[in-house]
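As provided, target_20.pdb (PDB, C-alpha atoms, pLDDT in the B column) reads as follows.
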```
ATOM      1  CA  MET A  14     -12.200  -5.470   7.146  1.00 79.00           C
ATOM      2  CA  THR A  15      -9.277  -6.071   4.806  1.00 85.00           C
ATOM      3  CA  ILE A  16      -6.824  -8.875   5.621  1.00 90.00           C
ATOM      4  CA  GLU A  17      -3.606  -9.778   3.811  1.00 91.00           C
ATOM      5  CA  VAL A  18      -1.430 -12.784   4.729  1.00 92.00           C
ATOM      6  CA  ASN A  19       2.253 -12.876   3.732  1.00 94.00           C
ATOM      7  CA  PRO A  20       5.049 -15.358   4.408  1.00 93.00           C
ATOM      8  CA  PHE A  21       7.663 -13.835   6.712  1.00 92.00           C
ATOM      9  CA  ILE A  22      11.160 -15.340   6.983  1.00 90.00           C
ATOM     10  CA  LEU A  23      13.238 -14.509  10.072  1.00 89.00           C
ATOM     11  CA  LEU A  24      16.966 -15.189   9.957  1.00 88.00           C
ATOM     12  CA  GLU A  25      19.969 -14.817  12.252  1.00 87.00           C
ATOM     13  CA  GLY A  26      21.970 -12.080  10.527  1.00 90.00           C
ATOM     14  CA  THR A  27      21.717 -13.416   6.962  1.00 90.00           C
ATOM     15  CA  ALA A  28      18.608 -11.563   5.743  1.00 93.00           C
ATOM     16  CA  ARG A  29      20.584  -9.326   3.354  1.00 96.00           C
ATOM     17  CA  GLU A  30      22.188 -12.423   1.816  1.00 93.00           C
ATOM     18  CA  ALA A  31      18.780 -14.107   1.522  1.00 92.00           C
ATOM     19  CA  VAL A  32      17.294 -11.076  -0.238  1.00 94.00           C
ATOM     20  CA  SER A  33      20.097 -11.160  -2.815  1.00 94.00           C
ATOM     21  CA  PHE A  34      19.692 -14.918  -3.239  1.00 89.00           C
ATOM     22  CA  TYR A  35      15.936 -14.645  -3.880  1.00 91.00           C
ATOM     23  CA  GLN A  36      16.500 -11.773  -6.292  1.00 93.00           C
ATOM     24  CA  GLU A  37      18.887 -13.930  -8.298  1.00 91.00           C
ATOM     25  CA  SER A  38      17.182 -17.308  -7.967  1.00 81.00           C
ATOM     26  CA  LEU A  39      13.499 -16.309  -8.063  1.00 82.00           C
ATOM     27  CA  GLY A  40      13.620 -12.994  -9.908  1.00 89.00           C
ATOM     28  CA  ALA A  41      12.331 -11.222  -6.784  1.00 92.00           C
ATOM     29  CA  HIS A  42      12.010  -7.441  -6.888  1.00 97.00           C
ATOM     30  CA  LEU A  43      13.104  -5.565  -3.763  1.00 98.00           C
ATOM     31  CA  MET A  44      10.291  -3.179  -2.839  1.00 98.00           C
ATOM     32  CA  PHE A  45      11.603  -1.966   0.545  1.00 97.00           C
ATOM     33  CA  MET A  46      14.484  -2.538   2.949  1.00 98.00           C
ATOM     34  CA  GLN A  47      15.301  -0.929   6.304  1.00 97.00           C
ATOM     35  CA  THR A  48      18.186  -1.715   8.616  1.00 96.00           C
ATOM     36  CA  VAL A  49      17.919  -1.735  12.392  1.00 93.00           C
ATOM     37  CA  GLY A  50      20.178   1.344  12.429  1.00 93.00           C
ATOM     38  CA  GLU A  51      17.726   3.264  10.244  1.00 95.00           C
ATOM     39  CA  GLY A  52      14.965   2.778  12.825  1.00 92.00           C
ATOM     40  CA  PRO A  53      14.585   4.531  16.163  1.00 91.00           C
ATOM     41  CA  GLN A  54      17.456   3.929  18.593  1.00 89.00           C
ATOM     42  CA  ASN A  55      17.396   3.576  22.366  1.00 88.00           C
ATOM     43  CA  PRO A  56      20.286   5.678  23.736  1.00 92.00           C
ATOM     44  CA  GLU A  57      20.201   3.609  26.944  1.00 93.00           C
ATOM     45  CA  SER A  58      20.947   0.430  24.956  1.00 88.00           C
ATOM     46  CA  PRO A  59      23.379   1.389  22.193  1.00 91.00           C
ATOM     47  CA  LEU A  60      23.757  -1.153  19.388  1.00 90.00           C
ATOM     48  CA  SER A  61      26.967  -2.295  17.749  1.00 92.00           C
ATOM     49  CA  ASP A  62      27.600  -1.436  14.097  1.00 93.00           C
ATOM     50  CA  GLU A  63      26.995  -5.115  13.298  1.00 92.00           C
ATOM     51  CA  ASP A  64      23.552  -5.026  14.976  1.00 91.00           C
ATOM     52  CA  LYS A  65      22.676  -1.735  13.260  1.00 93.00           C
ATOM     53  CA  ALA A  66      23.435  -3.345   9.884  1.00 95.00           C
ATOM     54  CA  ARG A  67      20.909  -6.153  10.482  1.00 95.00           C
ATOM     55  CA  ILE A  68      17.763  -6.031   8.357  1.00 97.00           C
ATOM     56  CA  ALA A  69      14.760  -4.864  10.374  1.00 95.00           C
ATOM     57  CA  HIS A  70      12.345  -5.399   7.487  1.00 95.00           C
ATOM     58  CA  SER A  71      12.396  -6.025   3.764  1.00 97.00           C
ATOM     59  CA  VAL A  72       9.637  -6.578   1.226  1.00 97.00           C
ATOM     60  CA  LEU A  73      10.132  -8.711  -1.872  1.00 96.00           C
ATOM     61  CA  LYS A  74       7.694  -9.168  -4.719  1.00 96.00           C
ATOM     62  CA  ILE A  75       7.942 -12.593  -6.349  1.00 91.00           C
ATOM     63  CA  GLY A  76       5.433 -12.852  -9.165  1.00 85.00           C
ATOM     64  CA  GLU A  77       2.128 -11.927  -7.534  1.00 88.00           C
ATOM     65  CA  THR A  78       3.301 -12.812  -4.003  1.00 90.00           C
ATOM     66  CA  THR A  79       4.716 -10.395  -1.455  1.00 95.00           C
ATOM     67  CA  MET A  80       7.209 -11.904   0.989  1.00 94.00           C
ATOM     68  CA  PHE A  81       8.888 -10.323   4.007  1.00 95.00           C
ATOM     69  CA  ILE A  82      12.419 -11.084   5.242  1.00 94.00           C
ATOM     70  CA  ALA A  83      14.177  -9.748   8.347  1.00 95.00           C
ATOM     71  CA  ASP A  84      16.841 -10.646  10.857  1.00 94.00           C
ATOM     72  CA  LEU A  85      15.824 -11.686  14.339  1.00 87.00           C
ATOM     73  CA  GLU A  86      16.496  -9.085  16.994  1.00 80.00           C
ATOM     74  CA  PRO A  87      19.918  -9.281  18.642  1.00 75.00           C
ATOM     75  CA  GLY A  88      19.798 -11.985  21.291  1.00 73.00           C
ATOM     76  CA  GLN A  89      16.944 -13.912  19.658  1.00 75.00           C
ATOM     77  CA  THR A  90      17.665 -17.298  18.106  1.00 74.00           C
ATOM     78  CA  ARG A  91      15.830 -19.338  15.532  1.00 74.00           C
ATOM     79  CA  GLN A  92      13.667 -22.044  16.990  1.00 70.00           C
ATOM     80  CA  THR A  93      11.191 -24.467  15.526  1.00 64.00           C
ATOM     81  CA  GLY A  94       8.277 -22.316  14.431  1.00 59.00           C
ATOM     82  CA  ASN A  95       9.841 -18.846  14.323  1.00 64.00           C
ATOM     83  CA  GLY A  96      12.057 -19.066  11.214  1.00 74.00           C
ATOM     84  CA  LEU A  97       9.066 -18.940   8.890  1.00 83.00           C
ATOM     85  CA  ASN A  98       5.860 -17.357  10.058  1.00 88.00           C
ATOM     86  CA  LEU A  99       2.818 -15.663   8.624  1.00 89.00           C
ATOM     87  CA  CYS A 100       2.270 -11.929   8.805  1.00 92.00           C
ATOM     88  CA  ILE A 101      -1.386 -10.909   8.867  1.00 92.00           C
ATOM     89  CA  SER A 102      -1.896  -7.266   7.905  1.00 92.00           C
ATOM     90  CA  THR A 103      -5.149  -5.486   8.690  1.00 93.00           C
ATOM     91  CA  ASP A 104      -6.437  -1.982   8.127  1.00 93.00           C
ATOM     92  CA  THR A 105      -7.623  -1.318  11.710  1.00 95.00           C
ATOM     93  CA  ALA A 106      -6.292  -1.854  15.219  1.00 95.00           C
ATOM     94  CA  GLU A 107      -9.656  -3.378  16.163  1.00 95.00           C
ATOM     95  CA  ALA A 108      -9.336  -6.063  13.468  1.00 93.00           C
ATOM     96  CA  SER A 109      -5.764  -6.773  14.585  1.00 95.00           C
ATOM     97  CA  GLU A 110      -6.870  -7.088  18.209  1.00 96.00           C
ATOM     98  CA  GLN A 111      -9.645  -9.512  17.269  1.00 93.00           C
ATOM     99  CA  LEU A 112      -7.265 -11.752  15.295  1.00 92.00           C
ATOM    100  CA  TYR A 113      -4.558 -11.528  17.969  1.00 95.00           C
ATOM    101  CA  ASN A 114      -6.947 -12.525  20.752  1.00 95.00           C
ATOM    102  CA  THR A 115      -8.364 -15.423  18.743  1.00 93.00           C
ATOM    103  CA  LEU A 116      -4.948 -16.793  17.723  1.00 92.00           C
ATOM    104  CA  LYS A 117      -3.431 -16.585  21.208  1.00 94.00           C
ATOM    105  CA  GLU A 118      -6.126 -18.838  22.756  1.00 90.00           C
ATOM    106  CA  GLY A 119      -4.357 -22.043  23.751  1.00 92.00           C
ATOM    107  CA  GLY A 120      -1.067 -20.690  22.381  1.00 91.00           C
ATOM    108  CA  GLN A 121       1.573 -18.288  23.614  1.00 93.00           C
ATOM    109  CA  VAL A 122       2.169 -14.561  23.314  1.00 96.00           C
ATOM    110  CA  ASP A 123       5.564 -13.775  21.784  1.00 93.00           C
ATOM    111  CA  ILE A 124       5.098  -9.987  21.580  1.00 94.00           C
ATOM    112  CA  GLU A 125       2.180  -8.235  23.289  1.00 97.00           C
ATOM    113  CA  LEU A 126      -0.125  -6.405  20.880  1.00 98.00           C
ATOM    114  CA  GLY A 127       0.501  -2.673  21.102  1.00 97.00           C
ATOM    115  CA  PRO A 128       1.700   0.393  19.230  1.00 96.00           C
ATOM    116  CA  ALA A 129       5.105   0.302  17.543  1.00 93.00           C
ATOM    117  CA  TYR A 130       6.948   2.955  15.566  1.00 90.00           C
ATOM    118  CA  PHE A 131       5.917   1.176  12.351  1.00 92.00           C
ATOM    119  CA  SER A 132       2.336   0.196  13.255  1.00 94.00           C
ATOM    120  CA  PRO A 133      -0.558   1.430  15.418  1.00 96.00           C
ATOM    121  CA  ALA A 134      -1.034  -2.168  16.662  1.00 97.00           C
ATOM    122  CA  TYR A 135       1.573  -4.914  16.276  1.00 96.00           C
ATOM    123  CA  GLY A 136       2.059  -8.218  18.083  1.00 97.00           C
ATOM    124  CA  MET A 137       3.210 -11.786  17.633  1.00 95.00           C
ATOM    125  CA  VAL A 138       1.656 -15.039  18.836  1.00 92.00           C
ATOM    126  CA  THR A 139       2.367 -18.717  18.393  1.00 89.00           C
ATOM    127  CA  ASP A 140      -0.934 -20.536  18.144  1.00 86.00           C
ATOM    128  CA  LYS A 141      -1.842 -23.844  19.764  1.00 85.00           C
ATOM    129  CA  PHE A 142      -0.565 -25.667  16.657  1.00 71.00           C
ATOM    130  CA  GLY A 143       2.914 -24.113  16.862  1.00 81.00           C
ATOM    131  CA  VAL A 144       2.378 -21.682  13.963  1.00 81.00           C
ATOM    132  CA  THR A 145       3.750 -18.191  14.594  1.00 88.00           C
ATOM    133  CA  PHE A 146       1.734 -15.191  13.413  1.00 89.00           C
ATOM    134  CA  GLN A 147       2.749 -11.558  13.309  1.00 93.00           C
ATOM    135  CA  ILE A 148      -0.280  -9.278  13.510  1.00 94.00           C
ATOM    136  CA  PHE A 149       0.392  -5.946  11.791  1.00 93.00           C
ATOM    137  CA  THR A 150      -1.918  -2.945  11.435  1.00 96.00           C
ATOM    138  CA  LYS A 151      -1.295  -0.686   8.453  1.00 92.00           C
ATOM    139  CA  ARG A 152      -1.033   3.037   9.104  1.00 88.00           C
ATOM    140  CA  PRO A 153      -3.890   5.099   7.676  1.00 82.00           C
ATOM    141  CA  ARG A 154      -2.927   6.895   4.487  1.00 77.00           C
TER
END
```

Show me this structure written as structure tokens.
Amino acid sequence: MTIEVNPFILLEGTAREAVSFYQESLGAHLMFMQTVGEGPQNPESPLSDEDKARIAHSVLKIGETTMFIADLEPGQTRQTGNGLNLCISTDTAEASEQLYNTLKEGGQVDIELGPAYFSPAYGMVTDKFGVTFQIFTKRPR
């Protein structure tokens, strides 16, 4: 089993500004960026142009560290514990499920583990210590 842990910053509509700031201040290299509008859309819940412009996911390389930055989904607000969390990436859905189930014991489920357009198994939990973890399964290559 391969596991990778990355810091993940969630912001309220300022992710693009944060990416630019970290590029300038830390010499970060932008490896990937996708807006909400570039992802799949639900025709039953159309998004405003402002919401479509939000950052769904970005990847920055700072030295040897990979960091993720995104905007919270429309309607979500920053709370203690969800502005900075850890993203655990695994290579199998089984490994993700094992970690997810272990971390949720005594904590709370923020997003049920399940398939997403970007991952075969993705979920989010806040553990019993108040630390939020995103569990992400990489797609097979």

* **Among the residues A:Gln147, A:Ser102, A:Gln111, A:Ser58, the one that comes closest to Ile124 in chain A [using all atoms listed in the file]** =>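 Selected residue with least distance to Ile124 in chain A: A:Gln147.
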
* What is the CA of Phe149 in chain A to CA of Pro20 in chain A distance in Å? ->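 Those two atoms sit 12.8 Å apart.
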
* To do: Run the PyMOL selection byres ((chain A and resi 65-73) around 7) on the file and write out the hits as a ChimeraX atom specification.
  => /A:26,28-29,41-50,60-64,74-75,79-84

* Skip Ser132 in chain A itself and residues of its chain fewer than 3 positions away, then list as number ranges by chain all residues within 12 Å of it, counting all atoms listed in the file. => A: 102-106, 109, 126-129, 135-136, 147-153

* Using only C-alpha atoms, find the one residue out of A:Thr145, A:Gln54, A:Gln121, A:Ser38 that sits nearest to Leu97 in chain A. =>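 Once distances to Leu97 in chain A are computed over only C-alpha atoms, the minimum belongs to A:Thr145.
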
* To do: Work out how far CA of Lys117 in chain A is from CA of Tyr130 in chain A, in Å to one decimal.
  =>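 Computing the Euclidean distance for CA of Tyr130 in chain A and CA of Lys117 in chain A yields 22.8 Å.
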
* Structure fact -> Expressed in Å, the length from CA of Asp140 in chain A to CA of Thr15 in chain A is 21.4 Å

Put the listed atoms of range 95-110 of chain A in a box along x, y and z with 5 Å added on every side and give me the centre and edge lengths in Å to one decimal, as JSON.
```
{"center_x": 1.2, "center_y": -10.2, "center_z": 13.1, "size_x": 31.7, "size_y": 27.7, "size_z": 20.3}
```

* Asked: Residues around (1.8, -17.6, 12.8), cut-off 6 Å, counting all atoms listed in the file - what are they as an MDAnalysis selection string?
  -> chainID A and resid 98:99 139 144:146

* Given all atoms listed in the file as the counted atoms, nearest of A:Thr27, A:Gln92, A:Asn19, A:Thr78 to Gly143 in chain A -> A:Gln92

Got a minute to add N, CA and C atoms to range 98-127 of chain A and dump it as a PDB file, keeping the file's coordinate frame?
```
ATOM      1  N   ASN A  98       7.164 -17.591   9.457  1.00 88.00           N
ATOM      2  CA  ASN A  98       5.860 -17.357  10.058  1.00 88.00           C
ATOM      3  C   ASN A  98       4.984 -16.609   9.082  1.00 88.00           C
ATOM      4  N   LEU A  99       3.762 -16.376   9.474  1.00 89.00           N
ATOM      5  CA  LEU A  99       2.818 -15.663   8.624  1.00 89.00           C
ATOM      6  C   LEU A  99       2.544 -14.299   9.224  1.00 89.00           C
ATOM      7  N   CYS A 100       2.567 -13.293   8.375  1.00 92.00           N
ATOM      8  CA  CYS A 100       2.270 -11.929   8.805  1.00 92.00           C
ATOM      9  C   CYS A 100       0.878 -11.573   8.300  1.00 92.00           C
ATOM     10  N   ILE A 101      -0.027 -11.311   9.225  1.00 92.00           N
ATOM     11  CA  ILE A 101      -1.386 -10.909   8.867  1.00 92.00           C
ATOM     12  C   ILE A 101      -1.461  -9.395   9.003  1.00 92.00           C
ATOM     13  N   SER A 102      -1.764  -8.720   7.902  1.00 92.00           N
ATOM     14  CA  SER A 102      -1.896  -7.266   7.905  1.00 92.00           C
ATOM     15  C   SER A 102      -3.373  -6.902   7.845  1.00 92.00           C
ATOM     16  N   THR A 103      -3.767  -5.972   8.694  1.00 93.00           N
ATOM     17  CA  THR A 103      -5.149  -5.486   8.690  1.00 93.00           C
ATOM     18  C   THR A 103      -5.141  -3.974   8.522  1.00 93.00           C
ATOM     19  N   ASP A 104      -6.337  -3.426   8.308  1.00 93.00           N
ATOM     20  CA  ASP A 104      -6.437  -1.982   8.127  1.00 93.00           C
ATOM     21  C   ASP A 104      -6.893  -1.249   9.378  1.00 93.00           C
ATOM     22  N   THR A 105      -7.223  -1.983  10.463  1.00 95.00           N
ATOM     23  CA  THR A 105      -7.623  -1.318  11.710  1.00 95.00           C
ATOM     24  C   THR A 105      -7.038  -2.036  12.915  1.00 95.00           C
ATOM     25  N   ALA A 106      -6.795  -1.274  13.975  1.00 95.00           N
ATOM     26  CA  ALA A 106      -6.292  -1.854  15.219  1.00 95.00           C
ATOM     27  C   ALA A 106      -7.318  -2.807  15.821  1.00 95.00           C
ATOM     28  N   GLU A 107      -8.604  -2.512  15.635  1.00 95.00           N
ATOM     29  CA  GLU A 107      -9.656  -3.378  16.163  1.00 95.00           C
ATOM     30  C   GLU A 107      -9.611  -4.749  15.502  1.00 95.00           C
ATOM     31  N   ALA A 108      -9.428  -4.786  14.182  1.00 93.00           N
ATOM     32  CA  ALA A 108      -9.336  -6.063  13.468  1.00 93.00           C
ATOM     33  C   ALA A 108      -8.102  -6.829  13.925  1.00 93.00           C
ATOM     34  N   SER A 109      -6.983  -6.125  14.110  1.00 95.00           N
ATOM     35  CA  SER A 109      -5.764  -6.773  14.585  1.00 95.00           C
ATOM     36  C   SER A 109      -5.963  -7.361  15.977  1.00 95.00           C
ATOM     37  N   GLU A 110      -6.626  -6.612  16.844  1.00 96.00           N
ATOM     38  CA  GLU A 110      -6.870  -7.088  18.209  1.00 96.00           C
ATOM     39  C   GLU A 110      -7.748  -8.342  18.198  1.00 96.00           C
ATOM     40  N   GLN A 111      -8.755  -8.355  17.362  1.00 93.00           N
ATOM     41  CA  GLN A 111      -9.645  -9.512  17.269  1.00 93.00           C
ATOM     42  C   GLN A 111      -8.860 -10.754  16.827  1.00 93.00           C
ATOM     43  N   LEU A 112      -8.056 -10.628  15.781  1.00 92.00           N
ATOM     44  CA  LEU A 112      -7.265 -11.752  15.295  1.00 92.00           C
ATOM     45  C   LEU A 112      -6.242 -12.201  16.336  1.00 92.00           C
ATOM     46  N   TYR A 113      -5.569 -11.250  16.944  1.00 95.00           N
ATOM     47  CA  TYR A 113      -4.558 -11.528  17.969  1.00 95.00           C
ATOM     48  C   TYR A 113      -5.168 -12.330  19.118  1.00 95.00           C
ATOM     49  N   ASN A 114      -6.308 -11.853  19.623  1.00 95.00           N
ATOM     50  CA  ASN A 114      -6.947 -12.525  20.752  1.00 95.00           C
ATOM     51  C   ASN A 114      -7.422 -13.927  20.388  1.00 95.00           C
ATOM     52  N   THR A 115      -7.909 -14.107  19.186  1.00 93.00           N
ATOM     53  CA  THR A 115      -8.364 -15.423  18.743  1.00 93.00           C
ATOM     54  C   THR A 115      -7.183 -16.379  18.608  1.00 93.00           C
ATOM     55  N   LEU A 116      -6.098 -15.923  17.977  1.00 92.00           N
ATOM     56  CA  LEU A 116      -4.948 -16.793  17.723  1.00 92.00           C
ATOM     57  C   LEU A 116      -4.180 -17.157  18.991  1.00 92.00           C
ATOM     58  N   LYS A 117      -4.208 -16.303  19.997  1.00 94.00           N
ATOM     59  CA  LYS A 117      -3.431 -16.585  21.208  1.00 94.00           C
ATOM     60  C   LYS A 117      -4.116 -17.594  22.130  1.00 94.00           C
ATOM     61  N   GLU A 118      -5.410 -17.876  21.916  1.00 90.00           N
ATOM     62  CA  GLU A 118      -6.126 -18.838  22.756  1.00 90.00           C
ATOM     63  C   GLU A 118      -5.481 -20.218  22.632  1.00 90.00           C
ATOM     64  N   GLY A 119      -4.993 -20.743  23.747  1.00 92.00           N
ATOM     65  CA  GLY A 119      -4.357 -22.043  23.751  1.00 92.00           C
ATOM     66  C   GLY A 119      -2.920 -22.015  23.262  1.00 92.00           C
ATOM     67  N   GLY A 120      -2.436 -20.832  22.881  1.00 91.00           N
ATOM     68  CA  GLY A 120      -1.067 -20.690  22.381  1.00 91.00           C
ATOM     69  C   GLY A 120      -0.240 -19.865  23.335  1.00 91.00           C
ATOM     70  N   GLN A 121       0.732 -19.133  22.775  1.00 93.00           N
ATOM     71  CA  GLN A 121       1.573 -18.288  23.614  1.00 93.00           C
ATOM     72  C   GLN A 121       1.777 -16.935  22.953  1.00 93.00           C
ATOM     73  N   VAL A 122       1.895 -15.912  23.780  1.00 96.00           N
ATOM     74  CA  VAL A 122       2.169 -14.561  23.314  1.00 96.00           C
ATOM     75  C   VAL A 122       3.679 -14.404  23.196  1.00 96.00           C
ATOM     76  N   ASP A 123       4.142 -14.029  22.002  1.00 93.00           N
ATOM     77  CA  ASP A 123       5.564 -13.775  21.784  1.00 93.00           C
ATOM     78  C   ASP A 123       5.873 -12.291  21.940  1.00 93.00           C
ATOM     79  N   ILE A 124       4.995 -11.442  21.425  1.00 94.00           N
ATOM     80  CA  ILE A 124       5.098  -9.987  21.580  1.00 94.00           C
ATOM     81  C   ILE A 124       3.682  -9.477  21.843  1.00 94.00           C
ATOM     82  N   GLU A 125       3.498  -8.787  22.954  1.00 97.00           N
ATOM     83  CA  GLU A 125       2.180  -8.235  23.289  1.00 97.00           C
ATOM     84  C   GLU A 125       1.717  -7.283  22.182  1.00 97.00           C
ATOM     85  N   LEU A 126       0.435  -7.320  21.869  1.00 98.00           N
ATOM     86  CA  LEU A 126      -0.125  -6.405  20.880  1.00 98.00           C
ATOM     87  C   LEU A 126      -0.103  -4.988  21.439  1.00 98.00           C
ATOM     88  N   GLY A 127       0.446  -4.060  20.672  1.00 97.00           N
ATOM     89  CA  GLY A 127       0.501  -2.673  21.102  1.00 97.00           C
ATOM     90  C   GLY A 127       1.101  -1.810  20.012  1.00 97.00           C
TER      91      GLY A 127
END
```
